[in-house]
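Have a look at work_2.txt below; it lists compact mmCIF, C-alpha atoms (C1' of nucleotides).
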# COMPACT_ATOMS: atom_id res chain seq x y z
CA MET A 1 -23.28 13.42 -19.74
CA ALA A 2 -20.44 15.81 -20.35
CA THR A 3 -18.42 13.65 -22.73
CA SER A 4 -18.77 10.20 -24.16
CA GLY A 5 -17.49 8.67 -20.94
CA SER A 6 -14.73 6.10 -20.82
CA GLY A 7 -12.15 5.59 -23.53
CA ARG A 8 -9.89 8.09 -25.20
CA VAL A 9 -11.53 10.76 -27.29
CA ARG A 10 -10.19 13.21 -29.82
CA ARG A 11 -12.08 15.96 -31.64
CA GLY A 12 -12.23 15.98 -35.41
CA LYS A 13 -12.39 19.12 -37.58
CA LYS A 14 -16.10 19.41 -37.20
CA GLY A 15 -16.13 18.63 -33.49
CA GLU A 16 -17.16 15.03 -33.91
CA THR A 17 -15.70 12.66 -31.32
CA ILE A 18 -13.21 10.05 -32.44
CA ALA A 19 -12.58 7.22 -30.03
CA GLU A 20 -8.95 6.39 -29.45
CA SER A 21 -7.66 3.56 -27.36
CA ILE A 22 -4.74 3.71 -25.04
CA ARG A 23 -1.37 2.64 -26.37
CA PHE A 24 0.63 0.75 -23.80
CA GLY A 25 3.85 0.47 -25.74
CA PRO A 26 6.22 -2.05 -24.21
CA LEU A 27 4.02 -2.45 -21.12
CA GLU A 28 1.74 -4.49 -23.35
CA TYR A 29 3.98 -7.52 -23.39
CA TRP A 30 5.99 -7.06 -20.20
CA VAL A 31 5.44 -9.54 -17.43
CA GLY A 32 6.03 -7.11 -14.55
CA PHE A 33 3.24 -4.77 -15.55
CA ASN A 34 0.75 -7.49 -16.35
CA LEU A 35 1.56 -9.33 -13.14
CA ARG A 36 0.76 -6.20 -11.19
CA MET A 37 -2.47 -5.61 -13.06
CA ALA A 38 -3.66 -9.19 -12.63
CA GLN A 39 -2.78 -9.27 -8.96
CA GLU A 40 -4.47 -5.98 -8.19
CA HIS A 41 -7.66 -6.84 -10.02
CA ALA A 42 -7.81 -10.24 -8.36
CA PHE A 43 -7.11 -8.69 -4.98
CA GLN A 44 -9.85 -6.11 -5.43
CA ALA A 45 -12.31 -8.84 -6.30
CA PHE A 46 -11.37 -10.85 -3.23
CA SER A 47 -11.48 -7.71 -1.14
CA ARG A 48 -15.09 -7.03 -2.13
CA ARG A 49 -15.95 -10.64 -1.45
CA SER A 50 -14.43 -10.73 2.01
CA GLN A 51 -16.03 -7.45 2.93
CA GLU A 52 -19.35 -9.21 2.57
CA ILE A 53 -18.47 -11.25 5.64
CA GLY A 54 -16.88 -8.28 7.36
CA GLU A 55 -13.26 -9.30 7.18
CA SER A 56 -10.24 -7.66 5.67
CA PRO A 57 -8.68 -9.74 2.86
CA GLY A 58 -5.23 -9.69 4.41
CA ARG A 59 -6.48 -11.50 7.48
CA PHE A 60 -7.13 -14.64 5.55
CA ALA A 61 -3.59 -15.79 4.80
CA THR A 62 -2.45 -14.76 8.26
CA LEU A 63 -5.16 -16.71 10.02
CA THR A 64 -4.63 -19.77 7.83
CA ILE A 65 -0.92 -19.88 8.49
CA ILE A 66 -1.39 -19.55 12.23
CA ALA A 67 -4.04 -22.27 12.21
CA ARG A 68 -1.80 -24.63 10.24
CA ASN A 69 1.25 -23.90 12.37
CA PRO A 70 0.14 -23.66 15.99
CA GLY A 71 2.59 -21.83 18.22
CA ILE A 72 4.28 -20.05 15.31
CA SER A 73 6.13 -16.85 16.17
CA GLN A 74 5.44 -13.47 14.61
CA THR A 75 8.72 -13.41 12.74
CA GLU A 76 8.19 -16.88 11.27
CA LEU A 77 4.69 -15.77 10.33
CA SER A 78 5.95 -12.64 8.62
CA HIS A 79 8.37 -14.69 6.51
CA ALA A 80 5.73 -17.25 5.61
CA ASN A 81 3.37 -14.47 4.67
CA GLY A 82 6.01 -12.58 2.69
CA ARG A 83 5.84 -9.35 4.62
CA ASP A 84 7.97 -7.38 6.98
CA LYS A 85 7.59 -8.25 10.65
CA SER A 86 6.68 -4.66 11.45
CA SER A 87 3.60 -4.90 9.20
CA LEU A 88 2.41 -7.74 11.35
CA THR A 89 2.28 -5.91 14.65
CA PRO A 90 -1.03 -4.11 14.07
CA VAL A 91 -2.55 -7.13 12.33
CA VAL A 92 -1.83 -9.49 15.21
CA GLU A 93 -2.93 -6.85 17.70
CA ASP A 94 -6.25 -6.61 15.89
CA LEU A 95 -6.73 -10.38 15.73
CA VAL A 96 -5.95 -10.71 19.44
CA ARG A 97 -8.22 -7.82 20.37
CA ARG A 98 -11.08 -9.46 18.50
CA GLY A 99 -10.41 -12.78 20.19
CA LEU A 100 -9.52 -14.70 17.03
CA VAL A 101 -5.90 -15.31 17.97
CA GLU A 102 -4.19 -15.88 21.28
CA ARG A 103 -0.60 -15.03 22.00
CA LYS A 104 1.64 -16.20 24.79
CA ARG A 105 5.23 -15.50 25.63
CA MET A 106 7.51 -18.49 25.23
CA ARG A 107 9.08 -19.80 28.41
CA GLU A 108 12.46 -20.58 26.95
CA ASP A 109 12.77 -17.26 25.15
CA ARG A 110 10.74 -14.45 26.51
CA ARG A 111 11.28 -12.21 23.49
CA THR A 112 9.19 -14.54 21.36
CA TYR A 113 5.43 -14.97 21.16
CA ARG A 114 3.56 -18.16 20.32
CA LEU A 115 0.45 -17.56 18.24
CA ASN A 116 -2.61 -19.78 18.21
CA VAL A 117 -6.05 -19.53 16.68
CA THR A 118 -8.91 -19.58 19.18
CA ALA A 119 -12.23 -21.37 18.73
CA ALA A 120 -13.77 -18.10 17.53
CA GLY A 121 -10.85 -17.69 15.15
CA LYS A 122 -11.49 -21.13 13.70
CA LYS A 123 -15.09 -20.23 13.04
CA THR A 124 -14.07 -17.06 11.25
CA LEU A 125 -11.44 -18.94 9.32
CA THR A 126 -14.04 -21.43 8.12
CA MET A 127 -16.12 -18.62 6.70
CA LEU A 128 -13.10 -16.94 5.16
CA THR A 129 -12.04 -20.22 3.59
CA ARG A 130 -15.44 -20.72 1.99
CA CYS A 131 -15.19 -17.19 0.68
CA ALA A 132 -11.70 -17.83 -0.71
CA ARG A 133 -12.86 -21.05 -2.38
CA ARG A 134 -15.52 -19.16 -4.28
CA HIS A 135 -12.88 -16.67 -5.35
CA GLU A 136 -10.61 -19.51 -6.45
CA ARG A 137 -13.36 -21.05 -8.54
CA VAL A 138 -13.71 -17.78 -10.43
CA LEU A 139 -9.97 -17.63 -11.02
CA ASP A 140 -9.91 -21.26 -12.08
CA ALA A 141 -12.62 -20.63 -14.60
CA ILE A 142 -10.60 -17.78 -16.09
CA ILE A 143 -7.34 -19.69 -16.19
CA GLY A 144 -8.76 -22.98 -17.36
CA ALA A 145 -8.04 -26.44 -15.99
CA ARG A 146 -5.51 -27.17 -18.70
CA ASP A 147 -3.09 -24.39 -17.72
CA ARG A 148 -3.73 -24.05 -14.03
CA LYS A 149 -1.01 -26.27 -12.72
CA ARG A 150 1.69 -24.81 -14.91
CA PHE A 151 0.54 -21.28 -14.12
CA LEU A 152 0.80 -21.96 -10.40
CA GLN A 153 4.26 -23.45 -10.82
CA ILE A 154 5.47 -20.35 -12.59
CA LEU A 155 4.06 -18.06 -9.91
CA LYS A 156 5.86 -20.08 -7.25
CA LYS A 157 9.02 -20.06 -9.26
CA ILE A 158 8.94 -16.28 -9.58
CA ALA A 159 8.40 -15.79 -5.85
CA ALA A 160 11.18 -18.21 -5.02
CA GLU A 161 13.83 -17.33 -7.54
CA ILE A 162 13.71 -13.64 -8.15
CA GLU A 163 16.77 -11.88 -6.68
CA MET B 1 23.63 -16.01 17.34
CA ALA B 2 20.71 -16.38 19.68
CA THR B 3 18.94 -19.21 17.86
CA SER B 4 19.46 -21.11 14.66
CA GLY B 5 18.00 -18.26 12.65
CA SER B 6 15.40 -18.73 9.96
CA GLY B 7 13.04 -21.67 9.67
CA ARG B 8 10.70 -23.13 12.21
CA VAL B 9 12.21 -24.62 15.34
CA ARG B 10 10.78 -26.79 18.10
CA ARG B 11 12.51 -27.97 21.29
CA GLY B 12 12.87 -31.66 22.01
CA LYS B 13 12.86 -33.19 25.48
CA LYS B 14 16.50 -32.46 26.00
CA GLY B 15 16.36 -28.96 24.54
CA GLU B 16 17.74 -29.93 21.14
CA THR B 17 16.39 -27.93 18.24
CA ILE B 18 14.20 -29.63 15.67
CA ALA B 19 13.68 -27.79 12.41
CA GLU B 20 10.12 -27.63 11.16
CA SER B 21 8.93 -26.09 7.95
CA ILE B 22 5.87 -23.96 7.53
CA ARG B 23 2.66 -25.64 6.46
CA PHE B 24 0.63 -23.49 4.12
CA GLY B 25 -2.47 -25.65 3.94
CA PRO B 26 -4.75 -24.63 1.09
CA LEU B 27 -2.69 -21.52 0.38
CA GLU B 28 -0.16 -23.85 -1.20
CA TYR B 29 -2.23 -24.44 -4.29
CA TRP B 30 -4.42 -21.35 -4.41
CA VAL B 31 -3.88 -18.93 -7.21
CA GLY B 32 -4.78 -15.79 -5.27
CA PHE B 33 -2.10 -16.27 -2.65
CA ASN B 34 0.61 -17.26 -5.10
CA LEU B 35 -0.26 -14.42 -7.41
CA ARG B 36 0.22 -12.00 -4.55
CA MET B 37 3.52 -13.56 -3.51
CA ALA B 38 4.90 -13.55 -7.05
CA GLN B 39 3.84 -9.98 -7.70
CA GLU B 40 5.25 -8.66 -4.45
CA HIS B 41 8.60 -10.39 -4.87
CA ALA B 42 8.87 -9.20 -8.45
CA PHE B 43 7.88 -5.70 -7.44
CA GLN B 44 10.47 -5.59 -4.67
CA ALA B 45 13.13 -6.69 -7.11
CA PHE B 46 12.17 -3.99 -9.59
CA SER B 47 11.97 -1.48 -6.78
CA ARG B 48 15.56 -2.12 -5.74
CA ARG B 49 16.62 -1.92 -9.35
CA SER B 50 14.92 1.39 -10.04
CA GLN B 51 16.26 2.88 -6.83
CA GLU B 52 19.70 2.48 -8.33
CA ILE B 53 18.78 5.16 -10.84
CA GLY B 54 16.92 7.20 -8.24
CA GLU B 55 13.39 6.63 -9.43
CA SER B 56 10.34 5.18 -7.79
CA PRO B 57 9.07 2.02 -9.53
CA GLY B 58 5.56 3.36 -9.87
CA ARG B 59 6.75 6.22 -12.04
CA PHE B 60 7.72 3.90 -14.82
CA ALA B 61 4.30 2.77 -16.04
CA THR B 62 2.91 6.27 -15.57
CA LEU B 63 5.64 7.90 -17.61
CA THR B 64 5.43 5.27 -20.35
CA ILE B 65 1.71 5.69 -20.77
CA ILE B 66 1.96 9.47 -20.95
CA ALA B 67 4.78 9.22 -23.48
CA ARG B 68 2.79 6.82 -25.66
CA ASN B 69 -0.41 8.83 -25.41
CA PRO B 70 0.48 12.50 -25.64
CA GLY B 71 -2.20 14.79 -24.28
CA ILE B 72 -3.83 12.08 -22.20
CA SER B 73 -5.93 13.27 -19.28
CA GLN B 74 -5.39 12.23 -15.68
CA THR B 75 -8.55 10.18 -15.52
CA GLU B 76 -7.71 8.28 -18.70
CA LEU B 77 -4.25 7.72 -17.30
CA SER B 78 -5.60 6.39 -14.03
CA HIS B 79 -7.78 3.88 -15.88
CA ALA B 80 -4.95 2.79 -18.14
CA ASN B 81 -2.71 2.40 -15.14
CA GLY B 82 -5.34 0.55 -13.14
CA ARG B 83 -5.45 2.92 -10.21
CA ASP B 84 -7.83 5.38 -8.69
CA LYS B 85 -7.64 8.91 -10.06
CA SER B 86 -7.00 10.27 -6.59
CA SER B 87 -3.80 8.24 -6.34
CA LEU B 88 -2.55 10.01 -9.38
CA THR B 89 -2.74 13.56 -8.04
CA PRO B 90 0.49 13.44 -5.98
CA VAL B 91 2.30 11.39 -8.63
CA VAL B 92 1.58 13.85 -11.43
CA GLU B 93 2.36 16.74 -9.10
CA ASP B 94 5.77 15.22 -8.42
CA LEU B 95 6.48 14.55 -12.10
CA VAL B 96 5.52 18.10 -13.01
CA ARG B 97 7.55 19.58 -10.15
CA ARG B 98 10.61 17.69 -11.35
CA GLY B 99 10.05 18.83 -14.89
CA LEU B 100 9.46 15.38 -16.39
CA VAL B 101 5.86 16.01 -17.34
CA GLU B 102 4.02 19.09 -18.47
CA ARG B 103 0.36 19.71 -17.99
CA LYS B 104 -1.96 22.16 -19.65
CA ARG B 105 -5.62 22.83 -19.28
CA MET B 106 -7.67 21.87 -22.30
CA ARG B 107 -9.32 24.73 -24.15
CA GLU B 108 -12.56 22.97 -24.89
CA ASP B 109 -12.98 21.64 -21.39
CA ARG B 110 -11.20 23.55 -18.70
CA ARG B 111 -11.68 20.86 -16.06
CA THR B 112 -9.37 18.53 -17.94
CA TYR B 113 -5.59 18.50 -18.11
CA ARG B 114 -3.49 17.34 -21.05
CA LEU B 115 -0.34 15.56 -19.96
CA ASN B 116 2.85 15.41 -21.98
CA VAL B 117 6.35 14.16 -21.32
CA THR B 118 9.07 16.82 -21.55
CA ALA B 119 12.51 16.31 -23.05
CA ALA B 120 13.92 15.67 -19.57
CA GLY B 121 11.10 13.18 -18.98
CA LYS B 122 12.04 11.34 -22.15
CA LYS B 123 15.60 11.03 -20.97
CA THR B 124 14.48 9.64 -17.62
CA LEU B 125 12.09 7.30 -19.37
CA THR B 126 14.89 5.93 -21.51
CA MET B 127 16.87 5.03 -18.40
CA LEU B 128 13.83 3.57 -16.71
CA THR B 129 13.06 1.50 -19.77
CA ARG B 130 16.56 0.06 -19.86
CA CYS B 131 16.18 -0.77 -16.20
CA ALA B 132 12.81 -2.44 -16.82
CA ARG B 133 14.25 -4.45 -19.69
CA ARG B 134 16.91 -5.91 -17.41
CA HIS B 135 14.17 -6.80 -14.96
CA GLU B 136 12.16 -8.41 -17.72
CA ARG B 137 15.08 -10.53 -18.80
CA VAL B 138 15.34 -11.93 -15.27
CA LEU B 139 11.63 -12.71 -15.26
CA ASP B 140 11.86 -14.25 -18.71
CA ALA B 141 14.66 -16.51 -17.57
CA ILE B 142 12.55 -17.72 -14.66
CA ILE B 143 9.42 -18.28 -16.71
CA GLY B 144 11.09 -19.80 -19.72
CA ALA B 145 10.54 -18.96 -23.37
CA ARG B 146 8.22 -21.90 -23.86
CA ASP B 147 5.58 -20.72 -21.38
CA ARG B 148 6.00 -16.99 -21.53
CA LYS B 149 3.35 -16.17 -24.07
CA ARG B 150 0.68 -18.31 -22.48
CA PHE B 151 1.56 -16.97 -19.03
CA LEU B 152 1.14 -13.40 -20.24
CA GLN B 153 -2.18 -14.23 -21.86
CA ILE B 154 -3.48 -15.64 -18.62
CA LEU B 155 -2.39 -12.58 -16.64
CA LYS B 156 -4.19 -10.34 -19.12
CA LYS B 157 -7.24 -12.54 -18.98
CA ILE B 158 -7.37 -12.32 -15.19
CA ALA B 159 -7.08 -8.52 -15.20
CA ALA B 160 -9.73 -8.21 -17.88
CA GLU B 161 -12.30 -10.77 -16.79
CA ILE B 162 -12.39 -10.82 -13.04
CA GLU B 163 -15.56 -9.22 -11.70
C1' DA C 1 31.25 -12.69 34.81
C1' DG C 2 30.45 -9.38 31.55
C1' DG C 3 30.94 -6.82 27.09
C1' DA C 4 30.01 -7.48 22.20
C1' DT C 5 26.64 -9.22 19.20
C1' DA C 6 22.31 -11.14 17.64
C1' DT C 7 17.33 -11.65 17.71
C1' DA C 8 11.93 -10.80 18.61
C1' DG C 9 8.90 -7.54 18.50
C1' DT C 10 7.39 -2.48 18.53
C1' DT C 11 7.52 2.26 17.05
C1' DT C 12 7.94 5.80 13.78
C1' DG C 13 8.04 7.95 9.33
C1' DA C 14 7.40 7.80 4.41
C1' DC C 15 4.62 6.21 0.60
C1' DG C 16 1.14 4.49 -2.36
C1' DA C 17 -3.46 2.82 -2.58
C1' DC C 18 -8.65 3.38 -2.18
C1' DA C 19 -13.15 5.56 -1.16
C1' DA C 20 -15.99 9.30 -0.13
C1' DA C 21 -16.70 14.11 0.03
C1' DC C 22 -15.68 18.19 -2.16
C1' DT C 23 -14.93 22.17 -5.95
C1' DA C 24 -15.16 23.78 -10.43
C1' DA C 25 -16.57 23.31 -15.01
C1' DC C 26 -19.58 21.35 -18.29
C1' DT C 27 -24.19 19.40 -20.34
C1' DT C 28 -28.99 18.40 -20.40
C1' DG C 29 -33.76 19.21 -20.19
C1' DC C 30 -37.36 21.88 -19.53
C1' DG D 1 -31.54 30.50 -19.45
C1' DC D 2 -31.28 28.13 -15.51
C1' DA D 3 -31.77 24.15 -12.22
C1' DA D 4 -30.37 19.42 -11.98
C1' DG D 5 -27.19 16.20 -13.05
C1' DT D 6 -22.42 14.76 -14.62
C1' DT D 7 -17.53 14.84 -14.96
C1' DA D 8 -12.27 16.13 -13.94
C1' DG D 9 -9.45 16.67 -10.55
C1' DT D 10 -8.29 17.52 -5.47
C1' DT D 11 -8.67 16.75 -0.55
C1' DT D 12 -9.15 14.01 3.42
C1' DG D 13 -9.14 9.85 6.13
C1' DT D 14 -7.89 5.11 6.60
C1' DC D 15 -5.20 1.29 5.71
C1' DG D 16 -1.23 -1.77 4.44
C1' DT D 17 3.44 -1.78 3.29
C1' DC D 18 8.55 -1.17 4.07
C1' DA D 19 12.78 0.38 6.31
C1' DA D 20 15.28 2.10 10.06
C1' DA D 21 15.67 3.06 14.88
C1' DC D 22 14.58 1.37 19.23
C1' DT D 23 13.65 -2.07 23.60
C1' DA D 24 14.24 -6.13 25.83
C1' DT D 25 15.90 -10.29 25.98
C1' DA D 26 19.29 -13.97 24.84
C1' DT D 27 23.77 -15.86 23.56
C1' DC D 28 28.74 -15.96 22.58
C1' DC D 29 33.43 -15.30 23.60
C1' DT D 30 37.13 -14.11 26.25
Whole structure given in structure tokens:
Amino acid sequence: MATSGSGRVRRGKKGETIAESIRFGPLEYWVGFNLRMAQEHAFQAFSRRSQEIGESPGRFATLTIIARNPGISQTELSHANGRDKSSLTPVVEDLVRRGLVERKRMREDRRTYRLNVTAAGKKTLTMLTRCARRHERVLDAIIGARDRKRFLQILKKIAAEIE
Amino acid sequence: MATSGSGRVRRGKKGETIAESIRFGPLEYWVGFNLRMAQEHAFQAFSRRSQEIGESPGRFATLTIIARNPGISQTELSHANGRDKSSLTPVVEDLVRRGLVERKRMREDRRTYRLNVTAAGKKTLTMLTRCARRHERVLDAIIGARDRKRFLQILKKIAAEIE
DNA sequence: AGGATATAGTTTGACGACAAACTAACTTGC
DNA sequence: GCAAGTTAGTTTGTCGTCAAACTATATCCT
């Protein structure tokens, strides 16, 4: 090994290594930063998990919302999912191409699509859901049963009320 | 207006519109999904805010960590910041180009850079910090003083313990 | 009826993220 | 002292995201 590896290191007078840890300053106790860190770590974990069954993690919420709201349009879906409608185009295209989702033009308004999950899509969704449940159990264990409900409420509140 | 706008809509027998709301199924009470939603909304809000002073939101954490840890290397910084070292290359390049950060090769190990914030960088950081504090106050108001500490602890716990 | 306006979805361009492959510098072990 | 392995940082390729411009439909108002 070239150096002692992870962690900050400083050299003393005689060349000995002195471990130093990172100072985060105000980031330490700011919600924004810690929210980002928590989300990204959790997302990475779920990402690895869903790769095991050969699916991209983002597909899960999309597929669930379509399944629970048959005939939903892409714009409604993008709002529900909290992303821009333009982000959805390639995702839906992929799901349709792989036969998991079916899309039909509406009769009354031919600009709009209706999205539905196919039988194959339901099968995939079942697997993804099992995968997500395992992920949730891990998160639950970290959060603890006592605080879970309140924690969830706060997350919802942030998403709903900010700006 | 072409239709009634946002919200789900279904047509009745006589063509009248019937509002329907989105069903989220299990997403409703899953931490992963709500964590993502909260983080993305909060990030968007901070993004708008930092655009007002002409900075990208990602620069803030980076600049703070460099300022608090003078001489830090890029790899240490990427760990502290929770991102891949390769993501950091263009960010540091940009900060150096704009004269906010200075980087020097280490004598003892010429692979490594030492990063430091310049005087101009400190000025920018001061503005960014003010901006972040306003953002934090909004978040604090949403979370509530009573739950804030516990909420933060849980976020840290998730980032630290998952996987 | 038809022009102004609004909406659904796509395209394009910029960015930030990761992972894997790469270069250059360092260390280890023989 | 040198080959083999390791580490710091960059490059490249892919992906997901947003925002703005675009198309095609649909509606509203006169």
Checklist entry - Can you tell me, as a PyMOL selection string, what residues are no more than 10 Å from Ala141 (chain A) when counting all atoms listed in the file, ignoring any on the same chain fewer than 5 positions away? => result (chain A and resi 136+148) or (chain B and resi 158+162)
Coordinates of box centre and edge lengths for region 11-19 of chain C, 5 Å on every side, axis-aligned, as lines of an AutoDock Vina configuration file:
center_x = -2.6
center_y = 5.1
center_z = 7.2
size_x = 31.2
size_y = 15.7
size_z = 29.6
Checklist entry - Which chain A residues are at most 12 Å from chain C (counting only C-alpha atoms (C1' of nucleotides)), as a list of chain:residue names? => result A:Met1, A:Ala2, A:Thr3, A:Ser4, A:Glu40, A:Gln44, A:Ser47, A:Ser73, A:Gln74, A:Thr75, A:Glu76, A:Ser78, A:Asp84, A:Lys85, A:Ser86, A:Ser87, A:Leu88, A:Thr89, A:Pro90, A:Val92, A:Glu93, A:Arg105, A:Met106, A:Asp109, A:Arg110, A:Arg111, A:Thr112, A:Tyr113, A:Arg114
Checklist entry - What is the distance, in Å and to one decimal place, between CA of Phe24 (chain A) and C1' of DA8 (chain D)? => result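 If I compute the distance from CA of Phe24 (chain A) to C1' of DA8 (chain D), I get 22.4 Å.
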Next on the checklist: Based on all atoms listed in the file, which of the residues in chain B come within 8 Å of chain A? I want them as a VMD selection string.
Outcome noted: chain B and resid 6 to 8 22 to 25 27 29 to 43 45 61 64 to 65 68 to 69 72 76 80 82 136 138 to 139 142 to 143 151 to 152 154 to 159 161 to 163
Next on the checklist: Taking all atoms listed in the file into account and nothing else, which residues of chain D lie no more than 8 Å away from chain B? Please answer as a PyMOL selection string.
Outcome noted: chain D and resi 8-10+26-28
Item to check | Residues within 7 Å of (4.6, 14.2, -21.9), counting all atoms listed in the file, listed as a ChimeraX atom specification | outcome: /B:66-67,70,101-102,115-118
Next on the checklist: Quick check, in Å to one decimal: how far apart do CA of Arg49 (chain B) and CA of Arg130 (chain B) lie?
Outcome noted: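 Separating CA of Arg49 (chain B) from CA of Arg130 (chain B) is a distance of 10.7 Å.
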